[in-house]
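Reading through the structure tokens given below for one structure.
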Amino acid sequence: MFWKKYLFVLTGLCLFGFSHSFDLKPFTQFYFPADVTVSKDSMDVSSEQDWEADFVIEAGVEALFSAEFSPMRYGFGMGFRSAQQSDGTDATPPSIPLWVVLSFGRIQRESIFSPYLSLRGGYLTPVSTDANWWERPINYFANCGIGVVFPLGITLETSVDYSSMQKSFVDDDVKFRVSSFRIGIMLAMNIEVSRDKVYKQTSE
């Protein structure tokens with residue numbers, strides 16, 4: 001369809017046409033144990049219980065773009081997130097998160113440290129052979145992080161993450177939604193791939 005091609009071209013222009021720097025940010029993130037809320041809806045009857053879930057590990061990479069003098073960076077990311085487990089039982093399966101990100105804070109390569117704020121929102125694709133996770137795939141997450149970039153691009157970030165995944169049994173009119181807030185610690189490497197300096201200094 002024409003509108004899909006138009007949206008694809010517009011997205012490409014926003015990411016590449018108006019950006020003057022491109023960074024890659026590979027990372028590993030550890031989420032601390034937390035309670036997950038399991039909500040059950042069956043035949044218009046709702047119930048809720050909390051499970052104590054273990055550590056969650058995530059790894060991935062972000063692609064970040066920015067204008068030359070802008071303190072804001074924007075981009076997208078992809079990763080792999082481990083299952084949420086409680087006493088050996090999977091509350092949610094492993095997933096492949098896909099997200100968009102906005103980061104506020106000027107990264108000064110020559111500074112001892114550069115603080116920033118990141119906002120992320122995206123979709124969780126379950127990695128499971130259980131088809132019930134795919135019947136109504138309304139799975140999403142939101143993340144807010146505060147971080148610091150040190151020399152050589154070494155990055156440390158702490159974040160608060162909210163995720164929600166749904167498992168449905170359409171034939172039985174039963175669905176479960178598993179939601180959790182977690183605190184995470186990220187270790188990353190901010191790698192400058194390219195930088196196009198539009199405004200150059202001149203000497204007399």
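Here, A, B, ... name the chains of the structure tokens in the order displayed, residue numbers run from 1 inside each chain, and ligands are numbered from 1 in the same displayed order.
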Problem set entry | Sel. of strand (DSSP E or B) residues, stretch 44-184 of chain A, as an MDAnalysis selection string | chainID A and resid 45:53 56:66 72:81 84:86 89:92 95:104 114:126 140:149 154:169 174:184
Once you have the residues from the selection above, write them out as a CSV table (one decimal), in the first residue's frame, restricted to C-alpha atoms.
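Result file part-v3.csv:
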```csv
chain,number,residue,atom,x,y,z
A,45,VAL,CA,-14.9,-13.3,36.8
A,46,SER,CA,-11.6,-11.6,37.7
A,47,SER,CA,-9.0,-12.7,40.3
A,48,GLU,CA,-5.4,-11.6,41.1
A,49,GLN,CA,-2.4,-13.0,42.9
A,50,ASP,CA,1.3,-12.1,43.3
A,51,TRP,CA,4.3,-14.3,42.6
A,52,GLU,CA,7.8,-13.7,43.8
A,53,ALA,CA,10.0,-13.8,40.7
A,56,VAL,CA,15.8,-11.4,34.8
A,57,ILE,CA,18.7,-10.9,32.4
A,58,GLU,CA,18.5,-8.9,29.1
A,59,ALA,CA,21.0,-8.2,26.4
A,60,GLY,CA,20.7,-6.2,23.2
A,61,VAL,CA,21.8,-3.2,21.2
A,62,GLU,CA,20.4,0.3,20.6
A,63,ALA,CA,20.9,2.4,17.5
A,64,LEU,CA,21.0,6.1,18.4
A,65,PHE,CA,20.9,9.2,16.2
A,66,SER,CA,21.2,12.9,17.0
A,72,MET,CA,18.4,14.8,22.4
A,73,ARG,CA,19.1,11.4,20.8
A,74,TYR,CA,16.6,9.1,19.3
A,75,GLY,CA,16.5,5.6,17.9
A,76,PHE,CA,15.4,2.0,18.3
A,77,GLY,CA,16.6,-1.2,19.9
A,78,MET,CA,16.3,-4.9,20.0
A,79,GLY,CA,17.3,-7.5,22.5
A,80,PHE,CA,16.6,-10.8,24.3
A,81,ARG,CA,15.0,-11.0,27.7
A,84,GLN,CA,10.3,-14.5,34.6
A,85,GLN,CA,10.5,-17.5,36.9
A,86,SER,CA,8.9,-18.2,40.3
A,89,THR,CA,7.8,-22.1,37.0
A,90,ASP,CA,7.8,-19.6,34.1
A,91,ALA,CA,5.5,-16.7,34.8
A,92,THR,CA,6.3,-15.4,31.3
A,95,SER,CA,11.0,-12.6,24.9
A,96,ILE,CA,12.5,-10.5,22.1
A,97,PRO,CA,11.8,-6.8,23.0
A,98,LEU,CA,11.6,-4.2,20.3
A,99,TRP,CA,11.5,-0.6,21.2
A,100,VAL,CA,11.9,3.1,20.4
A,101,VAL,CA,14.1,5.3,22.6
A,102,LEU,CA,14.5,9.0,23.4
A,103,SER,CA,17.6,10.1,25.3
A,104,PHE,CA,18.1,13.5,26.8
A,114,SER,CA,28.0,12.8,30.9
A,115,PRO,CA,24.7,12.2,32.6
A,116,TYR,CA,21.5,11.5,30.6
A,117,LEU,CA,17.9,10.4,30.9
A,118,SER,CA,16.3,7.7,28.6
A,119,LEU,CA,12.7,6.9,27.9
A,120,ARG,CA,11.8,3.6,26.1
A,121,GLY,CA,8.6,2.0,25.0
A,122,GLY,CA,8.1,-1.1,23.0
A,123,TYR,CA,6.7,-4.5,22.3
A,124,LEU,CA,7.6,-7.9,23.8
A,125,THR,CA,7.5,-10.9,21.3
A,126,PRO,CA,7.3,-14.1,23.3
A,140,TYR,CA,4.3,-4.3,26.0
A,141,PHE,CA,6.8,-2.5,28.2
A,142,ALA,CA,7.9,1.0,29.3
A,143,ASN,CA,11.3,1.9,30.8
A,144,CYS,CA,12.7,5.1,32.3
A,145,GLY,CA,16.5,5.2,33.0
A,146,ILE,CA,19.1,7.6,34.4
A,147,GLY,CA,22.6,6.9,33.2
A,148,VAL,CA,26.2,8.2,32.9
A,149,VAL,CA,28.6,7.9,30.0
A,154,ILE,CA,31.6,3.0,29.0
A,155,THR,CA,28.0,3.5,30.2
A,156,LEU,CA,26.2,2.7,33.5
A,157,GLU,CA,22.5,3.1,33.8
A,158,THR,CA,19.8,2.3,36.4
A,159,SER,CA,16.2,2.1,35.3
A,160,VAL,CA,12.6,1.3,36.3
A,161,ASP,CA,10.9,-1.1,33.9
A,162,TYR,CA,7.2,-2.0,33.6
A,163,SER,CA,6.2,-5.0,31.5
A,164,SER,CA,2.9,-6.7,30.8
A,165,MET,CA,2.3,-9.9,28.9
A,166,GLN,CA,-0.9,-11.8,28.2
A,167,LYS,CA,-1.7,-15.5,27.8
A,168,SER,CA,-5.1,-16.4,26.4
A,169,PHE,CA,-7.2,-19.4,26.0
A,174,VAL,CA,-9.8,-17.5,29.9
A,175,LYS,CA,-6.9,-15.0,29.8
A,176,PHE,CA,-4.0,-14.3,32.1
A,177,ARG,CA,-2.0,-11.0,32.3
A,178,VAL,CA,1.3,-11.0,34.0
A,179,SER,CA,2.6,-7.5,35.0
A,180,SER,CA,5.6,-6.4,36.9
A,181,PHE,CA,7.7,-3.4,38.0
A,182,ARG,CA,11.5,-4.1,38.1
A,183,ILE,CA,14.6,-2.1,38.9
A,184,GLY,CA,17.5,-2.8,36.5
```
Within 9 Å of A:Val193, counting only C-alpha atoms, which residues show up once you throw out same-chain ones fewer than 5 positions away? Write them as a PDB file with C-alpha atoms, in the first residue's frame, please.
```pdb
ATOM      1  CA  SER A  21      25.681  11.305  14.367  1.00  0.00           C
ATOM      2  CA  PHE A  22      25.095   7.584  14.665  1.00  0.00           C
ATOM      3  CA  ASP A  23      26.001   5.553  17.746  1.00  0.00           C
ATOM      4  CA  LEU A  24      25.620   1.883  18.601  1.00  0.00           C
TER       5      LEU A  24
END
```
For this session: Among the residues of stretch 15-195 of chain A, find those DSSP assigns to helix (DSSP H, G or I) from the backbone and print them as a list in words.
Result: Leu15, Phe16, Gly17, Ala131, Asn132, Trp133, Pro151, Leu152, Gly153, Val170, Asp171 and Asp172 of chain A
Include C-alpha atoms and write out the residues we just selected as an mmCIF file, in the first residue's frame.
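Final file, part-v3.cif:
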```cif
data_model
loop_
_atom_site.group_PDB
_atom_site.id
_atom_site.type_symbol
_atom_site.label_atom_id
_atom_site.label_comp_id
_atom_site.auth_asym_id
_atom_site.auth_seq_id
_atom_site.Cartn_x
_atom_site.Cartn_y
_atom_site.Cartn_z
ATOM 1 C CA LEU A 15 16.376 8.658 11.366
ATOM 2 C CA PHE A 16 19.022 9.307 8.741
ATOM 3 C CA GLY A 17 18.197 12.465 6.797
ATOM 4 C CA ALA A 131 0.452 -20.996 20.995
ATOM 5 C CA ASN A 132 -1.614 -19.521 23.834
ATOM 6 C CA TRP A 133 0.929 -16.709 24.172
ATOM 7 C CA PRO A 151 35.403 8.013 28.958
ATOM 8 C CA LEU A 152 35.794 5.420 26.191
ATOM 9 C CA GLY A 153 32.000 5.249 25.976
ATOM 10 C CA VAL A 170 -9.823 -18.199 23.490
ATOM 11 C CA ASP A 171 -11.842 -21.427 23.344
ATOM 12 C CA ASP A 172 -12.281 -21.422 27.126
#
```
Exercise. Do you know which residues are at most 6 Å from A:Phe55 counting only C-alpha atoms, after dropping those on the same chain fewer than 2 positions away, and could you put them as a PyMOL selection string?
Worked result: chain A and resi 31-33
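Counting only C-alpha atoms, the residue from A:Met186, A:Trp134, A:Phe150, A:Phe27 that sits nearest to A:Arg109 is A:Phe150.
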